[in-house]
file query_33.cif (mmCIF, C-alpha atoms)
data_coords
loop_
_atom_site.group_PDB
_atom_site.id
_atom_site.type_symbol
_atom_site.label_atom_id
_atom_site.label_comp_id
_atom_site.auth_asym_id
_atom_site.auth_seq_id
_atom_site.Cartn_x
_atom_site.Cartn_y
_atom_site.Cartn_z
ATOM 1 C CA MET A 1 181.586 47.333 65.254
ATOM 2 C CA LEU A 2 180.277 48.412 61.863
ATOM 3 C CA ARG A 3 178.264 51.208 63.443
ATOM 4 C CA ARG A 4 181.374 52.345 65.335
ATOM 5 C CA ARG A 5 183.325 52.500 62.062
ATOM 6 C CA ALA A 6 180.594 54.592 60.512
ATOM 7 C CA ILE A 7 180.822 57.079 63.377
ATOM 8 C CA ILE A 8 184.612 57.215 63.085
ATOM 9 C CA VAL A 9 184.265 58.095 59.420
ATOM 10 C CA VAL A 10 182.063 61.056 60.336
ATOM 11 C CA SER A 11 184.053 62.317 63.306
ATOM 12 C CA SER A 12 187.357 62.130 61.437
ATOM 13 C CA CYS A 13 186.080 64.943 59.220
ATOM 14 C CA CYS A 14 187.167 67.348 61.970
ATOM 15 C CA GLN A 15 190.781 67.008 60.809
ATOM 16 C CA LEU A 16 190.133 67.475 57.083
ATOM 17 C CA THR A 17 189.987 70.403 54.709
ATOM 18 C CA ARG A 18 186.623 71.633 53.480
ATOM 19 C CA MET A 19 186.924 69.808 50.135
ATOM 20 C CA GLU A 20 188.051 66.607 51.858
ATOM 21 C CA ARG A 21 185.053 66.842 54.213
ATOM 22 C CA VAL A 22 182.717 67.124 51.232
ATOM 23 C CA ARG A 23 184.213 63.924 49.793
ATOM 24 C CA MET A 24 184.097 62.245 53.198
ATOM 25 C CA PHE A 25 180.437 63.163 53.672
ATOM 26 C CA THR A 26 179.613 61.694 50.254
ATOM 27 C CA ARG A 27 181.246 58.425 51.293
ATOM 28 C CA TRP A 28 179.304 58.532 54.585
ATOM 29 C CA LEU A 29 176.052 58.735 52.622
ATOM 30 C CA LEU A 30 177.100 55.553 50.834
ATOM 31 C CA ILE A 31 177.390 53.533 54.056
ATOM 32 C CA PRO A 32 174.686 50.836 53.885
ATOM 33 C CA MET A 33 171.510 51.848 55.652
ATOM 34 C CA TRP A 34 171.628 48.992 58.116
ATOM 35 C CA VAL A 35 174.933 50.238 59.530
ATOM 36 C CA CYS A 36 173.253 53.424 60.769
ATOM 37 C CA CYS A 37 169.986 51.875 61.894
ATOM 38 C CA PHE A 38 169.595 51.100 65.565
ATOM 39 C CA VAL A 39 166.012 52.077 66.381
ATOM 40 C CA SER A 40 163.386 49.966 64.629
ATOM 41 C CA PRO A 41 162.556 48.505 61.217
ATOM 42 C CA ALA A 42 160.599 50.480 58.643
ATOM 43 C CA ALA A 43 160.128 53.691 60.566
ATOM 44 C CA ALA A 44 158.216 55.201 57.671
ATOM 45 C CA GLN A 45 155.549 56.931 59.703
ATOM 46 C CA GLY A 46 157.788 59.928 60.186
ATOM 47 C CA LEU A 47 156.864 60.848 56.592
ATOM 48 C CA ILE A 48 153.786 58.754 55.838
ATOM 49 C CA TRP A 49 150.780 59.524 58.032
ATOM 50 C CA SER A 50 147.992 58.947 55.528
ATOM 51 C CA LEU A 51 147.436 57.308 52.149
ATOM 52 C CA PRO A 52 146.085 59.570 49.393
ATOM 53 C CA ALA A 53 144.394 58.325 46.246
ATOM 54 C CA ASP A 54 146.615 56.024 44.236
ATOM 55 C CA GLY A 55 148.592 58.063 41.703
ATOM 56 C CA SER A 56 149.146 60.952 44.114
ATOM 57 C CA TRP A 57 152.638 62.327 44.614
ATOM 58 C CA ILE A 58 154.441 65.039 46.555
ATOM 59 C CA ARG A 59 157.904 66.538 46.228
ATOM 60 C CA TYR A 60 159.679 68.187 49.141
ATOM 61 C CA GLU A 61 162.582 70.560 48.657
ATOM 62 C CA GLY A 62 165.030 71.870 51.208
ATOM 63 C CA THR A 63 168.516 71.695 52.639
ATOM 64 C CA TYR A 64 170.696 69.182 54.440
ATOM 65 C CA SER A 65 173.581 70.621 56.470
ATOM 66 C CA GLN A 66 176.463 69.331 58.554
ATOM 67 C CA THR A 67 178.242 71.216 61.341
ATOM 68 C CA LEU A 68 181.414 70.059 63.056
ATOM 69 C CA PRO A 69 181.996 71.160 66.676
ATOM 70 C CA ASN A 70 185.499 72.586 66.201
ATOM 71 C CA GLN A 71 185.162 74.252 62.807
ATOM 72 C CA ASP A 72 186.111 77.897 62.520
ATOM 73 C CA ALA A 73 183.343 80.224 63.687
ATOM 74 C CA THR A 74 183.576 82.129 60.401
ATOM 75 C CA GLU A 75 183.129 78.969 58.329
ATOM 76 C CA GLN A 76 179.654 78.137 57.118
ATOM 77 C CA PRO A 77 178.231 74.627 57.686
ATOM 78 C CA LEU A 78 178.568 72.174 54.825
ATOM 79 C CA LEU A 79 175.328 72.537 52.917
ATOM 80 C CA TRP A 80 173.566 70.382 50.342
ATOM 81 C CA ARG A 81 170.230 70.666 48.595
ATOM 82 C CA ARG A 82 167.820 67.780 49.156
ATOM 83 C CA ASP A 83 164.708 66.725 47.234
ATOM 84 C CA ILE A 84 162.388 63.970 48.503
ATOM 85 C CA THR A 85 159.585 62.668 46.296
ATOM 86 C CA ILE A 86 156.904 60.252 47.534
ATOM 87 C CA ARG A 87 154.528 58.546 45.103
ATOM 88 C CA SER A 88 151.656 56.099 45.361
ATOM 89 C CA VAL A 89 152.174 53.856 42.326
ATOM 90 C CA GLY A 90 149.825 50.895 42.604
ATOM 91 C CA GLN A 91 147.650 48.668 44.759
ATOM 92 C CA GLU A 92 147.996 44.954 45.400
ATOM 93 C CA GLN A 93 146.594 42.227 47.621
ATOM 94 C CA ALA A 94 149.349 40.599 49.674
ATOM 95 C CA GLU A 95 149.660 38.436 52.763
ATOM 96 C CA TYR A 96 150.251 40.331 56.002
ATOM 97 C CA GLN A 97 149.732 38.992 59.522
ATOM 98 C CA GLY A 98 148.503 35.693 58.118
ATOM 99 C CA GLN A 99 145.810 37.035 55.798
ATOM 100 C CA GLN A 100 145.411 38.725 52.437
ATOM 101 C CA GLN A 101 145.194 42.496 52.815
ATOM 102 C CA ALA A 102 145.047 45.577 50.619
ATOM 103 C CA CYS A 103 148.546 46.997 50.175
ATOM 104 C CA ARG A 104 149.975 50.036 48.441
ATOM 105 C CA TRP A 105 153.158 50.427 46.438
ATOM 106 C CA ILE A 106 154.950 53.530 47.707
ATOM 107 C CA GLU A 107 158.000 54.943 45.947
ATOM 108 C CA ILE A 108 160.376 57.283 47.763
ATOM 109 C CA LYS A 109 163.150 59.065 45.884
ATOM 110 C CA ILE A 110 165.857 61.040 47.662
ATOM 111 C CA GLU A 111 168.345 63.268 45.870
ATOM 112 C CA THR A 112 171.055 65.038 47.856
ATOM 113 C CA GLY A 113 173.829 67.111 46.326
ATOM 114 C CA LYS A 114 175.113 70.484 45.250
ATOM 115 C CA THR A 115 173.345 72.789 42.814
ATOM 116 C CA ASP A 116 174.777 74.002 39.533
ATOM 117 C CA ALA A 117 172.904 76.917 37.944
ATOM 118 C CA GLY A 118 169.887 75.994 40.045
ATOM 119 C CA VAL A 119 169.950 72.318 39.030
ATOM 120 C CA LEU A 120 170.473 69.657 41.681
ATOM 121 C CA ASP A 121 173.480 67.424 40.963
ATOM 122 C CA ALA A 122 173.135 64.370 43.189
ATOM 123 C CA GLY A 123 176.203 62.580 41.854
ATOM 124 C CA PRO A 124 176.676 58.782 41.814
ATOM 125 C CA GLY A 125 175.775 58.183 45.473
ATOM 126 C CA GLY A 126 173.390 61.020 46.209
ATOM 127 C CA SER A 127 170.342 59.498 44.518
ATOM 128 C CA ARG A 128 168.326 56.721 46.164
ATOM 129 C CA LEU A 129 165.045 55.204 45.082
ATOM 130 C CA TYR A 130 162.902 52.811 47.135
ATOM 131 C CA LYS A 131 159.759 50.939 46.125
ATOM 132 C CA LEU A 132 157.891 49.487 49.103
ATOM 133 C CA LEU A 133 154.695 47.459 49.412
ATOM 134 C CA VAL A 134 152.995 48.720 52.578
ATOM 135 C CA PRO A 135 149.800 47.285 54.156
ATOM 136 C CA GLU A 136 147.172 50.024 53.997
ATOM 137 C CA SER A 137 145.910 49.081 57.467
ATOM 138 C CA ALA A 138 149.302 49.981 58.956
ATOM 139 C CA VAL A 139 149.037 53.659 57.987
ATOM 140 C CA ARG A 140 146.848 54.929 60.835
ATOM 141 C CA GLY A 141 147.927 58.541 61.313
ATOM 142 C CA THR A 142 148.959 57.858 64.911
ATOM 143 C CA VAL A 143 152.025 56.574 66.725
ATOM 144 C CA PHE A 144 149.922 54.069 68.688
ATOM 145 C CA GLU A 145 148.404 50.813 67.483
ATOM 146 C CA PRO A 146 145.190 49.344 68.927
ATOM 147 C CA VAL A 147 145.561 45.888 70.491
ATOM 148 C CA PRO A 148 142.995 43.521 72.080
ATOM 149 C CA LYS A 149 141.128 44.417 75.281
ATOM 150 C CA GLY A 150 140.848 48.077 74.322
ATOM 151 C CA LYS A 151 144.549 48.806 74.838
ATOM 152 C CA GLU A 152 147.170 50.294 72.544
ATOM 153 C CA ILE A 153 150.929 50.060 72.088
ATOM 154 C CA PHE A 154 153.551 52.371 70.636
ATOM 155 C CA ALA A 155 154.160 51.343 67.018
ATOM 156 C CA SER A 156 157.590 52.546 65.983
ATOM 157 C CA PHE A 157 157.401 51.313 62.399
ATOM 158 C CA ILE A 158 155.276 50.679 59.344
ATOM 159 C CA PRO A 159 155.765 47.130 58.035
ATOM 160 C CA VAL A 160 156.997 46.471 54.513
ATOM 161 C CA VAL A 161 155.675 43.297 52.858
ATOM 162 C CA LYS A 162 158.299 43.473 50.117
ATOM 163 C CA GLY A 163 160.382 46.120 48.445
ATOM 164 C CA TYR A 164 163.257 47.170 46.217
ATOM 165 C CA ARG A 165 165.963 49.820 46.211
ATOM 166 C CA LYS A 166 168.145 51.471 43.596
ATOM 167 C CA ILE A 167 171.177 53.516 44.606
ATOM 168 C CA GLY A 168 172.646 55.779 41.941
ATOM 169 C CA ASP A 169 173.311 53.845 38.745
ATOM 170 C CA GLU A 170 173.303 50.453 40.469
ATOM 171 C CA GLN A 171 170.892 47.706 39.492
ATOM 172 C CA PRO A 172 167.739 47.407 41.640
ATOM 173 C CA ALA A 173 168.097 45.146 44.680
ATOM 174 C CA GLU A 174 165.479 43.544 46.877
ATOM 175 C CA VAL A 175 164.765 44.970 50.334
ATOM 176 C CA ALA A 176 164.210 42.374 53.045
ATOM 177 C CA ALA A 177 160.560 42.343 54.122
ATOM 178 C CA GLY A 178 159.840 44.095 57.391
ATOM 179 C CA VAL A 179 163.333 45.480 58.034
ATOM 180 C CA PHE A 180 163.563 48.632 55.917
ATOM 181 C CA GLN A 181 164.699 51.759 57.780
ATOM 182 C CA LEU A 182 164.167 55.314 56.548
ATOM 183 C CA TYR A 183 166.269 57.111 59.165
ATOM 184 C CA PRO A 184 168.811 58.554 58.526
ATOM 185 C CA VAL A 185 169.320 58.143 54.771
ATOM 186 C CA VAL A 186 165.801 58.999 53.576
ATOM 187 C CA SER A 187 165.094 61.647 56.222
ATOM 188 C CA LEU A 188 166.153 62.748 59.693
ATOM 189 C CA LEU A 189 162.513 62.482 60.808
ATOM 190 C CA GLN A 190 161.823 59.574 63.134
ATOM 191 C CA HIS A 191 158.779 58.045 64.782
ATOM 192 C CA TYR A 192 158.620 59.874 68.109
ATOM 193 C CA ARG A 193 156.838 58.374 71.091
ATOM 194 C CA ASN A 194 156.543 61.836 72.693
ATOM 195 C CA LEU A 195 155.157 63.618 69.617
ATOM 196 C CA ALA A 196 153.120 66.542 70.954
ATOM 197 C CA GLU A 197 150.953 69.228 69.396
ATOM 198 C CA THR A 198 152.194 72.817 69.504
ATOM 199 C CA GLY A 199 149.367 75.306 69.810
ATOM 200 C CA THR A 200 146.434 75.251 67.416
ATOM 201 C CA SER A 201 146.347 74.554 63.694
ATOM 202 C CA GLN A 202 147.513 77.390 61.489
ATOM 203 C CA ALA A 203 147.757 78.432 57.866
ATOM 204 C CA LEU A 204 151.059 77.611 56.185
ATOM 205 C CA ALA A 205 152.195 79.378 53.027
ATOM 206 C CA LEU A 206 153.931 76.763 50.876
ATOM 207 C CA PRO A 207 155.015 76.689 47.233
ATOM 208 C CA THR A 208 152.096 74.294 46.731
ATOM 209 C CA GLY A 209 149.700 76.925 48.124
ATOM 210 C CA ASN A 210 148.254 77.745 51.532
ATOM 211 C CA VAL A 211 147.265 74.781 53.699
ATOM 212 C CA ASN A 212 145.919 74.386 57.199
ATOM 213 C CA ALA A 213 148.429 72.469 59.323
ATOM 214 C CA GLN A 214 148.998 71.365 62.903
ATOM 215 C CA GLY A 215 152.452 71.731 64.421
ATOM 216 C CA TYR A 216 154.168 68.979 66.421
ATOM 217 C CA THR A 217 157.457 68.524 68.226
ATOM 218 C CA GLY A 218 159.209 65.281 69.064
ATOM 219 C CA SER A 219 162.537 63.972 70.294
ATOM 220 C CA LEU A 220 164.382 60.682 70.566
ATOM 221 C CA ALA A 221 167.676 59.821 72.280
ATOM 222 C CA THR A 222 169.743 56.698 71.647
ATOM 223 C CA GLU A 223 172.779 55.872 73.761
ATOM 224 C CA SER A 224 175.399 53.161 74.105
ATOM 225 C CA THR A 225 178.618 52.970 76.133
ATOM 226 C CA SER A 226 180.480 55.014 73.503
ATOM 227 C CA TYR A 227 177.855 56.745 71.374
ATOM 228 C CA ARG A 228 174.894 59.066 71.903
ATOM 229 C CA SER A 229 172.474 60.424 69.316
ATOM 230 C CA THR A 230 169.818 63.018 70.118
ATOM 231 C CA SER A 231 167.172 63.686 67.468
ATOM 232 C CA THR A 232 164.685 66.534 67.629
ATOM 233 C CA ALA A 233 162.050 67.648 65.146
ATOM 234 C CA GLU A 234 159.398 70.237 64.481
ATOM 235 C CA LEU A 235 156.904 69.141 61.840
ATOM 236 C CA TYR A 236 153.585 70.259 60.442
ATOM 237 C CA ARG A 237 150.914 67.759 59.450
ATOM 238 C CA SER A 238 148.033 68.573 57.121
ATOM 239 C CA THR A 239 145.144 66.581 55.689
ATOM 240 C CA GLU A 240 145.420 68.779 52.587
ATOM 241 C CA ILE A 241 148.862 67.355 51.712
ATOM 242 C CA PRO A 242 149.428 63.880 50.186
ATOM 243 C CA PHE A 243 150.802 61.493 52.830
ATOM 244 C CA GLY A 244 150.167 64.069 55.561
ATOM 245 C CA VAL A 245 153.372 66.068 56.161
ATOM 246 C CA ALA A 246 153.625 69.678 54.950
ATOM 247 C CA LYS A 247 156.924 70.881 56.404
ATOM 248 C CA TRP A 248 159.604 69.900 58.898
ATOM 249 C CA THR A 249 162.923 70.715 60.510
ATOM 250 C CA ALA A 250 164.832 67.787 62.017
ATOM 251 C CA THR A 251 168.213 67.729 63.729
ATOM 252 C CA THR A 252 170.482 64.901 64.864
ATOM 253 C CA ALA A 253 173.346 65.674 67.259
ATOM 254 C CA ILE A 254 175.974 62.945 67.692
ATOM 255 C CA GLU A 255 178.340 62.598 70.648
ATOM 256 C CA GLU A 256 181.085 60.080 71.445
ATOM 257 C CA LYS A 257 183.292 58.955 74.309
ATOM 258 C CA GLY A 258 185.550 56.098 75.309
ATOM 259 C CA THR A 259 183.759 52.883 76.194
ATOM 260 C CA THR A 260 184.907 52.981 79.828
ATOM 261 C CA ASP A 261 184.664 56.778 80.252
ATOM 262 C CA PRO A 262 181.841 58.278 82.368
ATOM 263 C CA ARG A 263 178.749 59.675 80.659
ATOM 264 C CA SER A 264 179.992 63.181 81.433
ATOM 265 C CA ALA A 265 182.802 62.569 78.927
ATOM 266 C CA PHE A 266 180.478 62.566 75.897
ATOM 267 C CA THR A 267 181.838 65.051 73.347
ATOM 268 C CA PRO A 268 179.962 66.437 70.325
ATOM 269 C CA THR A 269 181.263 65.121 67.012
ATOM 270 C CA ILE A 270 178.757 66.230 64.398
ATOM 271 C CA THR A 271 175.346 67.869 64.039
ATOM 272 C CA ILE A 272 173.162 67.236 61.002
ATOM 273 C CA LYS A 273 170.107 69.303 60.135
ATOM 274 C CA GLU A 274 167.371 68.859 57.546
ATOM 275 C CA GLU A 275 164.854 71.574 56.600
ATOM 276 C CA MET A 276 162.158 70.582 54.102
ATOM 277 C CA GLN A 277 158.788 71.783 52.821
ATOM 278 C CA ALA A 278 156.254 70.645 50.245
ATOM 279 C CA ALA A 279 157.170 72.162 46.873
ATOM 280 C CA ALA A 280 154.834 70.406 44.413
ATOM 281 C CA THR A 281 152.034 67.833 44.329
ATOM 282 C CA GLY A 282 150.120 65.974 41.657
ATOM 283 C CA GLY A 283 147.881 63.050 40.803
ATOM 284 C CA ASP A 284 149.653 61.478 37.820
ATOM 285 C CA ALA A 285 152.367 59.435 39.562
ATOM 286 C CA GLU A 286 154.031 56.632 37.621
ATOM 287 C CA SER A 287 156.564 54.136 38.897
ATOM 288 C CA GLU A 288 160.199 54.997 38.253
ATOM 289 C CA LEU A 289 161.551 51.718 39.599
ATOM 290 C CA LEU A 290 160.397 48.931 37.306
ATOM 291 C CA VAL A 291 161.146 45.391 38.478
ATOM 292 C CA ASN A 292 160.081 41.975 37.240
#
call {"tool": "encode", "arguments": {"input": "query_33.cif", "output": "structure tokens"}}
result
Amino acid sequence: MLRRRAIIVVSSCCQLTRMERVRMFTRWLLIPMWVCCFVSPAAAQGLIWSLPADGSWIRYEGTYSQTLPNQDATEQPLLWRRDITIRSVGQEQAEYQGQQQACRWIEIKIETGKTDAGVLDAGPGGSRLYKLLVPESAVRGTVFEPVPKGKEIFASFIPVVKGYRKIGDEQPAEVAAGVFQLYPVVSLLQHYRNLAETGTSQALALPTGNVNAQGYTGSLATESTSYRSTSTAELYRSTEIPFGVAKWTATTAIEEKGTTDPRSAFTPTITIKEEMQAAATGGDAESELLVN
């Protein structure tokens, strides 16, 4: 029911003016993450494929846009700037799978908003900061996890031993262990079972400099009796970039229908697109979210 209400909030934008849709979208971003999550816990591997030296950081810059199916053809999509910063801010031994293991504190900061004179203004709800303790053994650089007898299974998440979040000016709050979800509030990237290489590795020209990267494509569809979401992505991974992702474009198309209507009755309600690339890196990361 809560997820249904969230979708209604988005689809109702079709009847609003441009300014009202901007306000409505801001409120949609404020919907708690667990309302929009219906895939798997802690799907961090969409952004985190490797662990660099502690203290490393990367900042991605790009755009986040929203298109409504019945908007005027002459009207541009609603467009926001988005910055995502990932930092490695400490190491700690913690219990995971019944034994003490090396873990890493990872901070992820997301700022989404309009720009004023080139400066991003995220507003009260457009800034989110997460501090997560992740077992180092869980970051394997693959979507499959080895299991006994030489087999492997699809691993659709990276576990979180413990964590915290801070939204806007709110006080930090604890994140339940093992149930943190990055999609869709942190990024539209997901953990795709069908992730496939595209061609051979190539040189990418980024603001951080030229890097050698391998392209991939992936997709994921989720459907219920009244709701369908189709996510697609093109991303570039590079061992020369902290945490492993150099650039990506990800799109989520949402459709709805009546619960008892046939599948052919699905109607587009909203399409969201995210285009990001590495803009800066460094090795002097410090924690921004300080907790006792």
call {"tool": "axis_aligned_box", "arguments": {"input": "query_33.cif", "around": "range 223-238 of chain A", "padding_each_side": "4 Å", "output": "AutoDock Vina command-line options"}}
result
--center_x 164.3 --center_y 61.6 --center_z 66.6 --size_x 40.4 --size_y 25.3 --size_z 27.0
call {"tool": "closest_atom_pairs", "arguments": {"input": "query_33.cif", "of": "range 217-243 of chain A", "to": "range 248-271 of chain A", "cutoff": "6 Å", "atoms": "all atoms listed in the file", "output": "Markdown table"}}
result
| residue | atom | partner | partner_atom | distance |
| --- | --- | --- | --- | --- |
| A:Thr225 | CA | A:Thr259 | CA | 5.1 |
| A:Ser226 | CA | A:Thr259 | CA | 4.7 |
| A:Tyr227 | CA | A:Glu256 | CA | 4.6 |
| A:Arg228 | CA | A:Glu255 | CA | 5.1 |
| A:Ser229 | CA | A:Ile254 | CA | 4.6 |
| A:Thr230 | CA | A:Ala253 | CA | 5.3 |
| A:Ser231 | CA | A:Thr252 | CA | 4.4 |
| A:Thr232 | CA | A:Thr251 | CA | 5.4 |
| A:Ala233 | CA | A:Ala250 | CA | 4.2 |
| A:Glu234 | CA | A:Thr249 | CA | 5.3 |
| A:Leu235 | CA | A:Trp248 | CA | 4.1 |
call {"tool": "resolve_selection", "arguments": {"input": "query_33.cif", "expression": "the PyMOL selection byres ((chain A and resi 55-66) around 6)", "output": "PyMOL selection string"}}
result
chain A and resi 53-54+67+77-89+271-285
call {"tool": "atom_distance", "arguments": {"input": "query_33.cif", "atom1": "CA of Ser127 in chain A", "atom2": "CA of Pro184 in chain A"}}
result
14.1 Å
call {"tool": "atom_distance", "arguments": {"input": "query_33.cif", "atom1": "CA of Tyr96 in chain A", "atom2": "CA of Glu288 in chain A"}}
result
25.1 Å
call {"tool": "closest_residue", "arguments": {"input": "query_33.cif", "among": "A:Leu206, A:Leu182, A:Leu188, A:Ile241", "to": "Gly218 in chain A", "atoms": "all atoms listed in the file"}}
result
A:Leu188
call {"tool": "atom_distance", "arguments": {"input": "query_33.cif", "atom1": "CA of Tyr164 in chain A", "atom2": "CA of Val186 in chain A"}}
result
14.2 Å
call {"tool": "resolve_selection", "arguments": {"input": "query_33.cif", "expression": "the PyMOL selection byres ((chain A and resi 139) around 9)", "output": "ChimeraX atom specification"}}
result
/A:45,48-51,134-138,140-142,158
call {"tool": "closest_residue", "arguments": {"input": "query_33.cif", "among": "A:Leu289, A:Glu197, A:Pro159, A:Gly215", "to": "Glu174 in chain A", "atoms": "all atoms listed in the file"}}
result
A:Leu289
call {"tool": "closest_residue", "arguments": {"input": "query_33.cif", "among": "A:Cys103, A:Leu133, A:Val119, A:Ile167", "to": "Val185 in chain A", "atoms": "only C-alpha atoms"}}
result
A:Ile167
